[in-house]
Amino acid sequence: MKKDIRYNRTESLILDSFIELANKKSIEFISVTDICNKAKISRNAFYAHYEDKYDFLNKITELVLSELKTKIRDIPKEYDFSEALEFTTKTILSYFSINEAIISVLIKNNPLFWDYMTDVLAKIILLYIGTNEKNLVYAKYSSSALCGCIKQFILKKIPISEEIFIKHITEIANETNRFIKEKLCIQ
């Protein structure tokens, strides 16, 4: 079923209103009524789209991660692991920068956001190293480390330029990969 212009407009109003409210207070203190008042829509209109504010937050998280996955999937096939990691990190940081308002809200209000991000990155890593038990553990380990560093960088707890951050992440990942391949026999 194709969504009509009014449906899309309502979703946009809900999103914009939620972002504005969430930048002022935590989701626990935002009611559906607050969102509807800000968006100048009825509660029925909100509930025609979402079950509640948490359903809304989860659907927005899914949308953001789906868009990000699509962008990350564009890794040129000829890239080696290092080039793919650099491309992926740049893509994530660029996407986060372009969508800073909603990303900020998701980071603050959806505790599972980074878990989802870790899963997305682990799947990409597995494309390069193959799937077996040991590689799965390695992919989860590596993607958790990368997400942790990206989170710290976004929160401005790593006070360096984006260019230097990407350079260091790529170098550290290469050194880690080399060590793990030599010592743990990861394929």
# chains A, B, ... in the order shown; residues from 1 in each chain; ligands from 1
>>> select_by_dssp(residues="stretch 13-179 of chain A", states="helix (DSSP H, G or I)", output="MDAnalysis selection string")
chainID A and resid 13:22 27:29 32:39 43:49 53:72 81:98 100:109 113:129 133:154 162:179
>>> residues_around(residues="stretch 36-38 of chain A", least_positions_apart="4", cutoff="10 Å", atoms="only C-alpha atoms", output="short mmCIF file (atom, residue, chain, number, x, y, z; two decimals) with N, CA and C atoms, in the first residue's frame")
data_model
loop_
_atom_site.label_atom_id
_atom_site.label_comp_id
_atom_site.auth_asym_id
_atom_site.auth_seq_id
_atom_site.Cartn_x
_atom_site.Cartn_y
_atom_site.Cartn_z
N LEU A 13 5.89 15.49 10.72
CA LEU A 13 5.55 16.39 11.83
C LEU A 13 5.84 15.72 13.18
N ILE A 14 5.49 14.44 13.29
CA ILE A 14 5.74 13.69 14.52
C ILE A 14 7.24 13.63 14.79
N ASP A 16 9.76 15.57 13.62
CA ASP A 16 10.32 16.89 13.93
C ASP A 16 9.95 17.34 15.34
N SER A 17 8.71 17.10 15.72
CA SER A 17 8.25 17.50 17.06
C SER A 17 8.96 16.68 18.13
N PHE A 18 9.07 15.39 17.88
CA PHE A 18 9.75 14.53 18.85
C PHE A 18 11.21 14.94 19.03
N GLU A 20 12.57 17.86 18.57
CA GLU A 20 12.62 19.12 19.32
C GLU A 20 12.37 18.89 20.80
N LEU A 21 11.38 18.08 21.14
CA LEU A 21 11.09 17.79 22.55
C LEU A 21 12.21 16.98 23.20
N SER A 31 5.27 12.95 26.66
CA SER A 31 4.04 12.19 26.46
C SER A 31 3.62 12.26 25.00
N VAL A 32 2.74 11.36 24.61
CA VAL A 32 2.18 11.40 23.27
C VAL A 32 1.44 12.71 23.08
N SER A 42 -3.81 15.39 15.98
CA SER A 42 -4.61 14.73 17.01
C SER A 42 -3.88 13.49 17.52
N ARG A 43 -4.30 13.05 18.70
CA ARG A 43 -3.75 11.80 19.24
C ARG A 43 -4.12 10.63 18.32
N ASN A 44 -5.32 10.68 17.74
CA ASN A 44 -5.74 9.63 16.80
C ASN A 44 -4.77 9.55 15.62
N ALA A 45 -4.33 10.70 15.14
CA ALA A 45 -3.37 10.71 14.02
C ALA A 45 -2.06 10.04 14.44
N PHE A 46 -1.60 10.34 15.65
CA PHE A 46 -0.38 9.70 16.14
C PHE A 46 -0.57 8.19 16.20
#
>>> atom_distance(atom1="atom CA of A:Asn135", atom2="atom CA of A:Val120")
15.1 Å
>>> residues_around(residues="A:Thr170", least_positions_apart="6", cutoff="7 Å", atoms="only C-alpha atoms", output="list of chain:residue names")
A:Ser82, A:Leu85, A:Glu86
>>> residues_around(residues="stretch 53-63 of chain A", least_positions_apart="3", cutoff="10 Å", atoms="only C-alpha atoms", output="number ranges by chain")
A: 11, 14-15, 18, 27-28, 30-32, 35, 46-47, 49-50, 66-69, 102-103, 105-107, 109-110, 112-113, 116
>>> closest_residue(among="A:Leu146, A:Phe29, A:Ile5, A:Ile160", to="A:Ile172", atoms="only C-alpha atoms")
A:Leu146
>>> decode(residues="stretch 143-163 of chain A", atoms="N, CA, C and O atoms", output="PDB file, in the first residue's frame")
ATOM      1  N   SER A 143      33.454  -5.244  16.157  1.00  0.00           N
ATOM      2  CA  SER A 143      32.377  -4.270  15.934  1.00  0.00           C
ATOM      3  C   SER A 143      32.026  -3.542  17.227  1.00  0.00           C
ATOM      4  O   SER A 143      31.715  -2.344  17.200  1.00  0.00           O
ATOM      5  N   SER A 144      32.113  -4.223  18.363  1.00  0.00           N
ATOM      6  CA  SER A 144      31.875  -3.555  19.659  1.00  0.00           C
ATOM      7  C   SER A 144      32.929  -2.488  19.915  1.00  0.00           C
ATOM      8  O   SER A 144      32.611  -1.379  20.365  1.00  0.00           O
ATOM      9  N   ALA A 145      34.175  -2.821  19.613  1.00  0.00           N
ATOM     10  CA  ALA A 145      35.261  -1.851  19.800  1.00  0.00           C
ATOM     11  C   ALA A 145      35.070  -0.646  18.886  1.00  0.00           C
ATOM     12  O   ALA A 145      35.203   0.507  19.315  1.00  0.00           O
ATOM     13  N   LEU A 146      34.746  -0.898  17.630  1.00  0.00           N
ATOM     14  CA  LEU A 146      34.549   0.194  16.686  1.00  0.00           C
ATOM     15  C   LEU A 146      33.375   1.075  17.107  1.00  0.00           C
ATOM     16  O   LEU A 146      33.483   2.310  17.118  1.00  0.00           O
ATOM     17  N   CYS A 147      32.250   0.452  17.475  1.00  0.00           N
ATOM     18  CA  CYS A 147      31.090   1.241  17.927  1.00  0.00           C
ATOM     19  C   CYS A 147      31.421   2.045  19.179  1.00  0.00           C
ATOM     20  O   CYS A 147      31.010   3.205  19.301  1.00  0.00           O
ATOM     21  N   GLY A 148      32.161   1.437  20.092  1.00  0.00           N
ATOM     22  CA  GLY A 148      32.554   2.160  21.309  1.00  0.00           C
ATOM     23  C   GLY A 148      33.393   3.383  20.982  1.00  0.00           C
ATOM     24  O   GLY A 148      33.176   4.470  21.536  1.00  0.00           O
ATOM     25  N   CYS A 149      34.327   3.224  20.066  1.00  0.00           N
ATOM     26  CA  CYS A 149      35.175   4.366  19.668  1.00  0.00           C
ATOM     27  C   CYS A 149      34.367   5.430  18.937  1.00  0.00           C
ATOM     28  O   CYS A 149      34.546   6.625  19.182  1.00  0.00           O
ATOM     29  N   ILE A 150      33.487   5.011  18.037  1.00  0.00           N
ATOM     30  CA  ILE A 150      32.653   5.980  17.316  1.00  0.00           C
ATOM     31  C   ILE A 150      31.772   6.741  18.308  1.00  0.00           C
ATOM     32  O   ILE A 150      31.631   7.963  18.218  1.00  0.00           O
ATOM     33  N   LYS A 151      31.197   6.023  19.262  1.00  0.00           N
ATOM     34  CA  LYS A 151      30.359   6.670  20.282  1.00  0.00           C
ATOM     35  C   LYS A 151      31.159   7.707  21.053  1.00  0.00           C
ATOM     36  O   LYS A 151      30.706   8.838  21.245  1.00  0.00           O
ATOM     37  N   GLN A 152      32.350   7.340  21.494  1.00  0.00           N
ATOM     38  CA  GLN A 152      33.192   8.278  22.235  1.00  0.00           C
ATOM     39  C   GLN A 152      33.566   9.484  21.380  1.00  0.00           C
ATOM     40  O   GLN A 152      33.591  10.615  21.861  1.00  0.00           O
ATOM     41  N   PHE A 153      33.843   9.243  20.113  1.00  0.00           N
ATOM     42  CA  PHE A 153      34.187  10.338  19.201  1.00  0.00           C
ATOM     43  C   PHE A 153      32.997  11.277  19.020  1.00  0.00           C
ATOM     44  O   PHE A 153      33.145  12.501  19.100  1.00  0.00           O
ATOM     45  N   ILE A 154      31.824  10.710  18.791  1.00  0.00           N
ATOM     46  CA  ILE A 154      30.617  11.523  18.592  1.00  0.00           C
ATOM     47  C   ILE A 154      30.291  12.337  19.849  1.00  0.00           C
ATOM     48  O   ILE A 154      29.854  13.480  19.756  1.00  0.00           O
ATOM     49  N   LEU A 155      30.508  11.749  21.005  1.00  0.00           N
ATOM     50  CA  LEU A 155      30.244  12.444  22.263  1.00  0.00           C
ATOM     51  C   LEU A 155      31.368  13.427  22.621  1.00  0.00           C
ATOM     52  O   LEU A 155      31.373  13.998  23.697  1.00  0.00           O
ATOM     53  N   LYS A 156      32.321  13.577  21.695  1.00  0.00           N
ATOM     54  CA  LYS A 156      33.437  14.528  21.841  1.00  0.00           C
ATOM     55  C   LYS A 156      34.370  14.166  22.993  1.00  0.00           C
ATOM     56  O   LYS A 156      35.020  15.018  23.571  1.00  0.00           O
ATOM     57  N   LYS A 157      34.460  12.875  23.300  1.00  0.00           N
ATOM     58  CA  LYS A 157      35.367  12.402  24.351  1.00  0.00           C
ATOM     59  C   LYS A 157      36.713  11.983  23.778  1.00  0.00           C
ATOM     60  O   LYS A 157      37.610  11.616  24.518  1.00  0.00           O
ATOM     61  N   ILE A 158      36.815  11.997  22.447  1.00  0.00           N
ATOM     62  CA  ILE A 158      38.090  11.791  21.756  1.00  0.00           C
ATOM     63  C   ILE A 158      38.295  13.066  20.942  1.00  0.00           C
ATOM     64  O   ILE A 158      37.791  13.190  19.833  1.00  0.00           O
ATOM     65  N   PRO A 159      39.012  14.020  21.506  1.00  0.00           N
ATOM     66  CA  PRO A 159      39.115  15.362  20.895  1.00  0.00           C
ATOM     67  C   PRO A 159      40.144  15.463  19.769  1.00  0.00           C
ATOM     68  O   PRO A 159      41.172  16.123  19.899  1.00  0.00           O
ATOM     69  N   ILE A 160      39.842  14.784  18.662  1.00  0.00           N
ATOM     70  CA  ILE A 160      40.707  14.861  17.483  1.00  0.00           C
ATOM     71  C   ILE A 160      39.818  15.071  16.261  1.00  0.00           C
ATOM     72  O   ILE A 160      38.597  14.909  16.333  1.00  0.00           O
ATOM     73  N   SER A 161      40.430  15.384  15.140  1.00  0.00           N
ATOM     74  CA  SER A 161      39.656  15.594  13.913  1.00  0.00           C
ATOM     75  C   SER A 161      39.121  14.259  13.401  1.00  0.00           C
ATOM     76  O   SER A 161      39.657  13.183  13.714  1.00  0.00           O
ATOM     77  N   GLU A 162      38.089  14.344  12.577  1.00  0.00           N
ATOM     78  CA  GLU A 162      37.508  13.143  11.979  1.00  0.00           C
ATOM     79  C   GLU A 162      38.540  12.409  11.137  1.00  0.00           C
ATOM     80  O   GLU A 162      38.641  11.181  11.179  1.00  0.00           O
ATOM     81  N   GLU A 163      39.335  13.149  10.395  1.00  0.00           N
ATOM     82  CA  GLU A 163      40.357  12.551   9.535  1.00  0.00           C
ATOM     83  C   GLU A 163      41.362  11.742  10.355  1.00  0.00           C
ATOM     84  O   GLU A 163      41.703  10.606  10.008  1.00  0.00           O
TER      85      GLU A 163
END
